[in-house]
Each structure stands twice: as C-alpha cells, then as structure tokens.
$ cat structure-v8.cif   # mmCIF, C-alpha atoms and all ligand atoms
data_structure
loop_
_atom_site.group_PDB
_atom_site.id
_atom_site.type_symbol
_atom_site.label_atom_id
_atom_site.label_comp_id
_atom_site.auth_asym_id
_atom_site.auth_seq_id
_atom_site.Cartn_x
_atom_site.Cartn_y
_atom_site.Cartn_z
ATOM 1 C CA MET M 1163 0.000 0.000 0.000
ATOM 2 C CA LEU M 1164 1.310 3.407 -0.923
ATOM 3 C CA LEU M 1165 1.046 5.118 2.447
ATOM 4 C CA THR M 1166 2.464 2.426 4.703
ATOM 5 C CA THR M 1167 5.903 1.113 5.489
ATOM 6 C CA LEU M 1168 7.225 -0.931 8.398
ATOM 7 C CA ARG M 1169 8.539 0.126 11.779
ATOM 8 C CA ARG M 1170 9.503 -2.747 14.019
ATOM 9 C CA GLY M 1171 7.079 -5.059 12.325
ATOM 10 C CA LYS M 1172 4.135 -2.616 12.472
ATOM 11 C CA ALA M 1173 2.670 -0.885 9.456
ATOM 12 C CA LEU M 1174 3.709 2.750 9.564
ATOM 13 C CA GLN M 1175 1.100 5.037 8.017
ATOM 14 C CA LEU M 1176 1.264 8.710 7.099
ATOM 15 C CA THR M 1177 -1.407 11.292 7.765
ATOM 16 C CA LEU M 1178 -1.775 15.026 7.249
ATOM 17 C CA ALA M 1179 -2.612 16.992 10.371
ATOM 18 C CA ILE M 1180 -3.328 20.699 10.777
ATOM 19 C CA VAL M 1181 -3.391 22.831 13.875
ATOM 20 C CA LYS M 1182 -5.906 25.455 12.839
ATOM 21 C CA PRO M 1183 -5.565 29.228 13.337
ATOM 22 C CA ASP M 1184 -7.508 29.429 16.630
ATOM 23 C CA ALA M 1185 -5.069 27.003 18.265
ATOM 24 C CA VAL M 1186 -1.881 28.405 16.717
ATOM 25 C CA ALA M 1187 -2.893 31.815 18.085
ATOM 26 C CA HIS M 1188 -2.559 30.469 21.630
ATOM 27 C CA PRO M 1189 0.975 29.302 22.433
ATOM 28 C CA LEU M 1190 -0.113 27.172 25.401
ATOM 29 C CA ILE M 1191 -2.725 25.349 23.325
ATOM 30 C CA LEU M 1192 -0.251 24.807 20.515
ATOM 31 C CA GLU M 1193 2.182 23.400 23.068
ATOM 32 C CA ALA M 1194 -0.496 21.095 24.513
ATOM 33 C CA LEU M 1195 -1.288 19.791 21.022
ATOM 34 C CA HIS M 1196 2.406 19.178 20.348
ATOM 35 C CA GLN M 1197 2.499 17.246 23.604
ATOM 36 C CA LYS M 1198 -0.387 15.074 22.351
ATOM 37 C CA ILE M 1199 1.534 14.358 19.153
ATOM 38 C CA LEU M 1200 4.580 13.196 21.083
ATOM 39 C CA GLU M 1201 2.734 11.339 23.868
ATOM 40 C CA ASN M 1202 0.902 9.319 21.251
ATOM 41 C CA ASN M 1203 4.056 8.138 19.542
ATOM 42 C CA PHE M 1204 3.621 10.028 16.308
ATOM 43 C CA ILE M 1205 6.778 10.747 14.373
ATOM 44 C CA VAL M 1206 6.792 14.277 12.943
ATOM 45 C CA ILE M 1207 8.029 13.764 9.396
ATOM 46 C CA ARG M 1208 7.537 17.346 8.191
ATOM 47 C CA SER M 1209 6.003 20.474 9.688
ATOM 48 C CA ARG M 1210 5.335 23.872 8.250
ATOM 49 C CA GLU M 1211 3.712 27.118 9.364
ATOM 50 C CA LEU M 1212 1.685 28.816 6.677
ATOM 51 C CA VAL M 1213 -1.056 31.343 6.055
ATOM 52 C CA TRP M 1214 -3.662 30.473 3.438
ATOM 53 C CA LYS M 1215 -4.946 32.878 0.841
ATOM 54 C CA ARG M 1216 -8.724 32.758 0.581
ATOM 55 C CA GLN M 1217 -8.530 30.792 -2.698
ATOM 56 C CA GLU M 1218 -6.433 28.060 -1.085
ATOM 57 C CA SER M 1219 -8.933 27.767 1.715
ATOM 58 C CA GLU M 1220 -11.776 27.534 -0.831
ATOM 59 C CA ARG M 1221 -9.914 24.895 -2.809
ATOM 60 C CA PHE M 1222 -9.085 22.728 0.207
ATOM 61 C CA TYR M 1223 -12.682 22.771 1.447
ATOM 62 C CA ALA M 1224 -14.351 22.682 -1.990
ATOM 63 C CA GLU M 1225 -16.371 19.592 -0.978
ATOM 64 C CA HIS M 1226 -18.250 21.799 1.519
ATOM 65 C CA ALA M 1227 -19.065 24.599 -0.965
ATOM 66 C CA GLY M 1228 -22.716 25.553 -0.502
ATOM 67 C CA ARG M 1229 -23.002 24.272 3.073
ATOM 68 C CA PHE M 1230 -24.227 26.868 5.587
ATOM 69 C CA PHE M 1231 -20.831 27.083 7.306
ATOM 70 C CA TYR M 1232 -18.682 27.206 4.145
ATOM 71 C CA GLN M 1233 -18.033 30.977 4.008
ATOM 72 C CA ARG M 1234 -17.319 31.069 7.716
ATOM 73 C CA LEU M 1235 -14.952 28.106 7.380
ATOM 74 C CA VAL M 1236 -13.109 29.561 4.384
ATOM 75 C CA GLU M 1237 -12.678 32.923 6.109
ATOM 76 C CA TYR M 1238 -11.547 31.392 9.368
ATOM 77 C CA MET M 1239 -9.005 29.059 7.745
ATOM 78 C CA SER M 1240 -7.414 32.020 5.947
ATOM 79 C CA SER M 1241 -7.539 34.305 8.982
ATOM 80 C CA GLY M 1242 -4.048 33.655 10.339
ATOM 81 C CA PRO M 1243 -1.129 31.268 10.634
ATOM 82 C CA MET M 1244 -1.708 27.556 10.920
ATOM 83 C CA GLN M 1245 0.653 24.651 11.285
ATOM 84 C CA ALA M 1246 0.629 21.592 9.014
ATOM 85 C CA TYR M 1247 2.336 18.279 9.756
ATOM 86 C CA ILE M 1248 3.021 14.982 8.091
ATOM 87 C CA LEU M 1249 2.717 12.514 10.958
ATOM 88 C CA ALA M 1250 3.606 8.832 10.971
ATOM 89 C CA ARG M 1251 2.793 5.875 13.213
ATOM 90 C CA ASP M 1252 0.791 2.662 12.916
ATOM 91 C CA ASP M 1253 -2.854 3.500 12.123
ATOM 92 C CA ALA M 1254 -1.886 7.180 12.014
ATOM 93 C CA ILE M 1255 -5.070 8.262 10.211
ATOM 94 C CA SER M 1256 -7.566 6.781 12.645
ATOM 95 C CA ARG M 1257 -5.423 7.410 15.750
ATOM 96 C CA TRP M 1258 -5.115 11.126 14.922
ATOM 97 C CA ARG M 1259 -8.831 11.425 14.226
ATOM 98 C CA GLU M 1260 -9.592 9.672 17.492
ATOM 99 C CA LEU M 1261 -7.397 12.182 19.334
ATOM 100 C CA MET M 1262 -9.145 15.072 17.557
ATOM 101 C CA GLY M 1263 -12.626 13.920 18.553
ATOM 102 C CA PRO M 1264 -15.894 14.602 16.695
ATOM 103 C CA THR M 1265 -16.174 17.609 14.377
ATOM 104 C CA LYS M 1266 -18.646 19.457 16.581
ATOM 105 C CA VAL M 1267 -17.075 20.765 19.747
ATOM 106 C CA PHE M 1268 -20.133 20.355 21.964
ATOM 107 C CA ARG M 1269 -20.615 16.770 20.829
ATOM 108 C CA ALA M 1270 -16.911 16.180 21.451
ATOM 109 C CA ARG M 1271 -17.315 17.450 25.011
ATOM 110 C CA TYR M 1272 -20.049 14.893 25.688
ATOM 111 C CA THR M 1273 -18.700 11.886 23.853
ATOM 112 C CA SER M 1274 -14.890 12.324 23.977
ATOM 113 C CA PRO M 1275 -14.117 14.734 26.810
ATOM 114 C CA SER M 1276 -10.357 14.242 26.628
ATOM 115 C CA SER M 1277 -10.143 14.813 22.863
ATOM 116 C CA MET M 1278 -8.356 17.866 21.488
ATOM 117 C CA ARG M 1279 -11.559 19.400 20.149
ATOM 118 C CA ALA M 1280 -13.364 18.884 23.450
ATOM 119 C CA LEU M 1281 -10.520 20.416 25.431
ATOM 120 C CA TYR M 1282 -9.529 23.307 23.192
ATOM 121 C CA GLY M 1283 -12.189 23.818 20.507
ATOM 122 C CA LEU M 1284 -14.050 27.124 20.522
ATOM 123 C CA THR M 1285 -16.933 26.448 18.114
ATOM 124 C CA ASP M 1286 -17.961 23.843 15.524
ATOM 125 C CA THR M 1287 -15.914 25.772 12.953
ATOM 126 C CA ARG M 1288 -13.002 26.850 15.179
ATOM 127 C CA ASN M 1289 -12.327 23.313 16.298
ATOM 128 C CA THR M 1290 -8.496 23.360 16.619
ATOM 129 C CA THR M 1291 -7.414 20.530 14.370
ATOM 130 C CA HIS M 1292 -7.787 18.750 11.060
ATOM 131 C CA GLY M 1293 -6.789 15.216 10.116
ATOM 132 C CA SER M 1294 -7.069 13.240 6.873
ATOM 133 C CA ASP M 1295 -9.965 10.790 6.914
ATOM 134 C CA SER M 1296 -8.662 8.099 4.534
ATOM 135 C CA VAL M 1297 -5.493 6.934 2.841
ATOM 136 C CA GLU M 1298 -6.601 8.676 -0.350
ATOM 137 C CA SER M 1299 -7.258 11.994 1.369
ATOM 138 C CA ALA M 1300 -3.960 11.734 3.288
ATOM 139 C CA HIS M 1301 -2.156 11.334 -0.016
ATOM 140 C CA ARG M 1302 -4.015 14.257 -1.602
ATOM 141 C CA GLU M 1303 -3.621 16.527 1.434
ATOM 142 C CA ILE M 1304 0.087 15.772 1.872
ATOM 143 C CA ALA M 1305 0.561 16.843 -1.753
ATOM 144 C CA PHE M 1306 -1.513 19.994 -1.098
ATOM 145 C CA PHE M 1307 0.604 21.126 1.866
ATOM 146 C CA PHE M 1308 3.966 19.592 1.028
ATOM 147 C CA PRO M 1309 4.164 19.479 -2.785
ATOM 148 C CA GLU M 1310 7.892 18.754 -2.641
ATOM 149 C CA PHE M 1311 7.363 15.649 -0.463
ATOM 150 C CA ASN M 1312 7.359 12.453 -2.483
ATOM 151 C CA VAL M 1313 5.394 9.858 -0.503
ATOM 152 C CA ARG M 1314 6.368 6.944 -2.719
ATOM 153 C CA GLU M 1315 10.060 7.818 -2.555
ATOM 154 C CA TRP M 1316 9.907 8.302 1.219
ATOM 155 C CA MET M 1317 8.241 4.952 1.681
ATOM 156 C CA GLU M 1318 10.707 3.208 -0.600
ATOM 157 C CA ARG M 1319 13.670 4.675 1.192
ATOM 158 C CA SER M 1320 11.981 4.128 4.600
ATOM 159 C CA GLU M 1321 13.466 7.422 5.654
ATOM 160 C CA PRO M 1322 15.605 6.614 8.717
ATOM 161 C CA PHE M 1323 13.752 8.332 11.548
ATOM 162 C CA PHE M 1324 13.242 5.865 14.339
ATOM 163 C CA ARG M 1325 12.821 6.996 17.912
ATOM 164 C CA THR M 1326 14.322 4.737 20.538
ATOM 165 C CA GLY M 1327 12.661 3.506 23.722
ATOM 166 C CA HIS M 1328 9.370 2.029 22.539
HETATM 167 P P1 LIG Y 1401 -13.706 17.024 10.044
HETATM 168 O O1 LIG Y 1401 -12.808 18.249 10.132
HETATM 169 O O2 LIG Y 1401 -14.051 16.474 11.403
HETATM 170 O O3 LIG Y 1401 -13.179 15.968 9.097
HETATM 171 P P2 LIG Y 1401 -15.658 17.920 8.015
HETATM 172 O O4 LIG Y 1401 -17.063 17.459 7.941
HETATM 173 O O5 LIG Y 1401 -14.715 17.504 6.930
HETATM 174 O O6 LIG Y 1401 -15.123 17.503 9.478
HETATM 175 O O7 LIG Y 1401 -15.703 19.507 8.070
HETATM 176 C C1 LIG Y 1401 -14.566 20.295 7.813
HETATM 177 C C2 LIG Y 1401 -14.551 21.454 8.780
HETATM 178 O O8 LIG Y 1401 -15.705 22.286 8.526
HETATM 179 C C3 LIG Y 1401 -14.681 21.092 10.257
HETATM 180 O O9 LIG Y 1401 -13.494 20.660 10.858
HETATM 181 C C4 LIG Y 1401 -15.209 22.388 10.836
HETATM 182 O O10 LIG Y 1401 -14.153 23.338 10.972
HETATM 183 C C5 LIG Y 1401 -16.162 22.854 9.749
HETATM 184 N N1 LIG Y 1401 -17.538 22.373 9.998
HETATM 185 C C6 LIG Y 1401 -18.025 21.126 9.716
HETATM 186 N N2 LIG Y 1401 -19.307 21.013 10.081
HETATM 187 C C7 LIG Y 1401 -19.658 22.198 10.616
HETATM 188 C C8 LIG Y 1401 -20.893 22.691 11.186
HETATM 189 O O11 LIG Y 1401 -21.915 21.998 11.275
HETATM 190 N N3 LIG Y 1401 -20.858 23.974 11.657
HETATM 191 C C9 LIG Y 1401 -19.733 24.760 11.581
HETATM 192 N N4 LIG Y 1401 -18.582 24.338 11.038
HETATM 193 C C10 LIG Y 1401 -18.522 23.071 10.568
#

$ encode --input "structure-v8.cif" --output "structure tokens" --more "lines below"
Ligand code: IDP
Amino acid sequence: MLLTTLRRGKALQLTLAIVKPDAVAHPLILEALHQKILENNFIVIRSRELVWKRQESERFYAEHAGRFFYQRLVEYMSSGPMQAYILARDDAISRWRELMGPTKVFRARYTSPSSMRALYGLTDTRNTTHGSDSVESAHREIAFFFPEFNVREWMERSEPFFRTGH
C-alpha cells in the first residue's frame, strides 16, 4: 500500500494533520497539542507554518461549498497562521482522528471529553485541528501542503527516523 511502510514489524502510516488558526494563536494550546503528538508516539516527518490565501482555503474545502458554514470556514481558515504536519505511526489516520474527537465541539465534550476538540475547541468551525480521513485523502492533502514531499520515494527509502525507547 502506498502510504504504509514498516517500523519494528508494524505498518507505519502517514497522515496530514493541521493545527488550525484558533489554536496556533494560543501558544499554550499549541504546546499542549504538540504534547499530544509526542505522547501518542507520532513521528513528525515534516512540519510547516503557513497562512492560506482565501482561494487556497476555498480549494481545500471545496467539498463543503454551498453548506451553511462554508463561508465562515473559508474565512476562518485564511484568517491567520496555521501549522501543518506529516505525521507517521501505525494507524496514524484513525489514531489522529480519534485524538481530535468529533467535528462538533459540543458533541466532542459529551462523547470524547479528553479529545483535542473537546478540550480546546471554541466552536464547531473553530475546532483546533484537522486530520485526513482516509489513505486517499492523506495522499491528496500531503501533496496539497507539502508538494515537494514524495510519498512513494519516502516509503521506498523508509526514511531513517526511528525513535528509541518504545
Ligand atoms: P472534520 O474536520 O471532522 O473531518 P468535516 O465534515 O470535513 O469535518 O468539516 C470540515 C470542517 O468544517 C470542520 O473541521 C469544521 O471546521 C467545519 N464544519 C463542519 N461542520 C460544521 C458545522 O456543522 N458547523 C460549523 N462548522 C462546521
């Protein structure tokens, strides 16, 4: 499979994660989210701070065009710096989404009170984090944020980045 390689016998998968502008604006929240990344044994393969132009925001969220929150979402995601990451671990896609919690912050607070969105989300739109929801979207989103990163090449070379101790 394109987005997996092996680390100590376990399939290593890549995902694309974003810390959204509301969370980047608060250094303590950003730090807490970084802590979550490390505590949960993700390897940070690449990270980048960036500010989206409105068109980039529209393009990334094109599937939501026409929904009642689309304009709000597009404006918010181009309102200030955000941080994008390529993260790796086994089951990276589902593990990251589990840590994020449900899309809607108030639902997250009821159903997953220790998730990132429950703890730090402000509203259903300003919900701190994004994570790819499938192997295909991870591939597409990695290319969107890190066009110079060649997933296939990285997997073939099994880039040597192995933390010790677990
Ligand atoms: P996800 O981020 O949990 O994968 P999506 O349905 O792909 O959820 O929605 C993309 C983003 O659009 C959400 O993270 C959130 O910022 C925003 N959004 C989704 N649904 C709503 C809503 O009902 N109200 C306000 N904003 C929403």

$ resolve_selection --input "structure-v8.cif" --expression "the PyMOL selection byres (((not hetatm)) within 9 of (chain Y and resi 1401))" --output "ChimeraX atom specification"
/M:1182,1223,1225-1226,1229-1232,1234-1236,1238-1239,1259,1262-1266,1285-1295

$ resolve_selection --input "structure-v8.cif" --expression "the PyMOL selection byres (((chain M and resi 1211) around 8) and not hetatm)" --output "MDAnalysis selection string"
chainID M and resid 1209:1210 1212:1213 1243:1246

$ resolve_selection --input "structure-v8.cif" --expression "the PyMOL selection byres (((chain M and resi 1190-1205) around 12) and not hetatm)" --output "PyMOL selection string"
chain M and resi 1169+1174-1189+1206-1209+1243-1255+1257-1262+1276-1279+1281-1284+1290-1292+1321-1328

$ atom_distance --input "structure-v8.cif" --atom1 "CA of Gln1233 in chain M" --atom2 "CA of Gln1217 in chain M"
11.6 Å

$ atom_distance --input "structure-v8.cif" --atom1 "CA of Ala1300 in chain M" --atom2 "CA of Phe1268 in chain M"
26.2 Å

$ atom_distance --input "structure-v8.cif" --atom1 "CA of Ala1305 in chain M" --atom2 "CA of Phe1222 in chain M"
11.5 Å

$ closest_residue --input "structure-v8.cif" --among "M:Glu1298, M:Ser1219, M:Thr1273, M:Ala1227" --to "Gly1242 in chain M" --atoms "all atoms listed in the file"
M:Ser1219

$ build_atoms --input "structure-v8.cif" --residues "range 1283-1311 of chain M" --atoms "N, CA and C atoms" --output "PDB file, in the coordinates of the input"
ATOM      1  N   GLY M1283     -11.375  23.250  21.573  1.00  0.00           N
ATOM      2  CA  GLY M1283     -12.189  23.818  20.507  1.00  0.00           C
ATOM      3  C   GLY M1283     -13.049  24.976  21.017  1.00  0.00           C
ATOM      4  N   LEU M1284     -13.254  25.958  20.135  1.00  0.00           N
ATOM      5  CA  LEU M1284     -14.050  27.124  20.522  1.00  0.00           C
ATOM      6  C   LEU M1284     -15.476  27.018  19.999  1.00  0.00           C
ATOM      7  N   THR M1285     -15.611  26.597  18.739  1.00  0.00           N
ATOM      8  CA  THR M1285     -16.933  26.448  18.114  1.00  0.00           C
ATOM      9  C   THR M1285     -16.847  25.278  17.132  1.00  0.00           C
ATOM     10  N   ASP M1286     -17.978  24.943  16.491  1.00  0.00           N
ATOM     11  CA  ASP M1286     -17.961  23.843  15.524  1.00  0.00           C
ATOM     12  C   ASP M1286     -17.020  24.145  14.350  1.00  0.00           C
ATOM     13  N   THR M1287     -16.846  25.417  14.032  1.00  0.00           N
ATOM     14  CA  THR M1287     -15.914  25.772  12.953  1.00  0.00           C
ATOM     15  C   THR M1287     -14.494  25.896  13.496  1.00  0.00           C
ATOM     16  N   ARG M1288     -14.342  26.616  14.596  1.00  0.00           N
ATOM     17  CA  ARG M1288     -13.002  26.850  15.179  1.00  0.00           C
ATOM     18  C   ARG M1288     -12.677  25.696  16.124  1.00  0.00           C
ATOM     19  N   ASN M1289     -12.428  24.538  15.514  1.00  0.00           N
ATOM     20  CA  ASN M1289     -12.327  23.313  16.298  1.00  0.00           C
ATOM     21  C   ASN M1289     -10.905  22.742  16.367  1.00  0.00           C
ATOM     22  N   THR M1290      -9.936  23.603  16.329  1.00  0.00           N
ATOM     23  CA  THR M1290      -8.496  23.360  16.619  1.00  0.00           C
ATOM     24  C   THR M1290      -7.681  22.514  15.642  1.00  0.00           C
ATOM     25  N   THR M1291      -8.271  21.446  15.120  1.00  0.00           N
ATOM     26  CA  THR M1291      -7.414  20.530  14.370  1.00  0.00           C
ATOM     27  C   THR M1291      -8.119  19.949  13.142  1.00  0.00           C
ATOM     28  N   HIS M1292      -7.306  19.497  12.223  1.00  0.00           N
ATOM     29  CA  HIS M1292      -7.787  18.750  11.060  1.00  0.00           C
ATOM     30  C   HIS M1292      -6.950  17.483  10.951  1.00  0.00           C
ATOM     31  N   GLY M1293      -7.553  16.429  10.418  1.00  0.00           N
ATOM     32  CA  GLY M1293      -6.789  15.216  10.116  1.00  0.00           C
ATOM     33  C   GLY M1293      -7.402  14.529   8.915  1.00  0.00           C
ATOM     34  N   SER M1294      -6.571  13.968   8.052  1.00  0.00           N
ATOM     35  CA  SER M1294      -7.069  13.240   6.873  1.00  0.00           C
ATOM     36  C   SER M1294      -7.991  12.120   7.329  1.00  0.00           C
ATOM     37  N   ASP M1295      -9.004  11.812   6.487  1.00  0.00           N
ATOM     38  CA  ASP M1295      -9.965  10.790   6.914  1.00  0.00           C
ATOM     39  C   ASP M1295      -9.838   9.465   6.157  1.00  0.00           C
ATOM     40  N   SER M1296      -8.875   9.363   5.249  1.00  0.00           N
ATOM     41  CA  SER M1296      -8.662   8.099   4.534  1.00  0.00           C
ATOM     42  C   SER M1296      -7.255   8.138   3.941  1.00  0.00           C
ATOM     43  N   VAL M1297      -6.816   6.984   3.472  1.00  0.00           N
ATOM     44  CA  VAL M1297      -5.493   6.934   2.841  1.00  0.00           C
ATOM     45  C   VAL M1297      -5.454   7.852   1.624  1.00  0.00           C
ATOM     46  N   GLU M1298      -6.559   7.842   0.862  1.00  0.00           N
ATOM     47  CA  GLU M1298      -6.601   8.676  -0.350  1.00  0.00           C
ATOM     48  C   GLU M1298      -6.532  10.159   0.011  1.00  0.00           C
ATOM     49  N   SER M1299      -7.288  10.561   1.035  1.00  0.00           N
ATOM     50  CA  SER M1299      -7.258  11.994   1.369  1.00  0.00           C
ATOM     51  C   SER M1299      -5.917  12.356   1.996  1.00  0.00           C
ATOM     52  N   ALA M1300      -5.292  11.444   2.731  1.00  0.00           N
ATOM     53  CA  ALA M1300      -3.960  11.734   3.288  1.00  0.00           C
ATOM     54  C   ALA M1300      -2.977  12.006   2.150  1.00  0.00           C
ATOM     55  N   HIS M1301      -3.058  11.177   1.124  1.00  0.00           N
ATOM     56  CA  HIS M1301      -2.156  11.334  -0.016  1.00  0.00           C
ATOM     57  C   HIS M1301      -2.379  12.690  -0.693  1.00  0.00           C
ATOM     58  N   ARG M1302      -3.663  13.002  -0.929  1.00  0.00           N
ATOM     59  CA  ARG M1302      -4.015  14.257  -1.602  1.00  0.00           C
ATOM     60  C   ARG M1302      -3.618  15.471  -0.745  1.00  0.00           C
ATOM     61  N   GLU M1303      -3.875  15.381   0.553  1.00  0.00           N
ATOM     62  CA  GLU M1303      -3.621  16.527   1.434  1.00  0.00           C
ATOM     63  C   GLU M1303      -2.121  16.723   1.687  1.00  0.00           C
ATOM     64  N   ILE M1304      -1.375  15.627   1.745  1.00  0.00           N
ATOM     65  CA  ILE M1304       0.087  15.772   1.872  1.00  0.00           C
ATOM     66  C   ILE M1304       0.616  16.518   0.652  1.00  0.00           C
ATOM     67  N   ALA M1305       0.111  16.172  -0.523  1.00  0.00           N
ATOM     68  CA  ALA M1305       0.561  16.843  -1.753  1.00  0.00           C
ATOM     69  C   ALA M1305       0.135  18.316  -1.755  1.00  0.00           C
ATOM     70  N   PHE M1306      -1.009  18.613  -1.146  1.00  0.00           N
ATOM     71  CA  PHE M1306      -1.513  19.994  -1.098  1.00  0.00           C
ATOM     72  C   PHE M1306      -0.587  20.861  -0.233  1.00  0.00           C
ATOM     73  N   PHE M1307      -0.193  20.333   0.916  1.00  0.00           N
ATOM     74  CA  PHE M1307       0.604  21.126   1.866  1.00  0.00           C
ATOM     75  C   PHE M1307       2.104  20.998   1.651  1.00  0.00           C
ATOM     76  N   PHE M1308       2.530  19.838   1.173  1.00  0.00           N
ATOM     77  CA  PHE M1308       3.966  19.592   1.028  1.00  0.00           C
ATOM     78  C   PHE M1308       4.231  19.064  -0.391  1.00  0.00           C
ATOM     79  N   PRO M1309       4.063  19.946  -1.398  1.00  0.00           N
ATOM     80  CA  PRO M1309       4.164  19.479  -2.785  1.00  0.00           C
ATOM     81  C   PRO M1309       5.531  18.871  -3.113  1.00  0.00           C
ATOM     82  N   GLU M1310       6.543  19.274  -2.366  1.00  0.00           N
ATOM     83  CA  GLU M1310       7.892  18.754  -2.641  1.00  0.00           C
ATOM     84  C   GLU M1310       8.120  17.379  -2.014  1.00  0.00           C
ATOM     85  N   PHE M1311       7.181  16.922  -1.171  1.00  0.00           N
ATOM     86  CA  PHE M1311       7.363  15.649  -0.463  1.00  0.00           C
ATOM     87  C   PHE M1311       6.842  14.512  -1.335  1.00  0.00           C
TER      88      PHE M1311
END
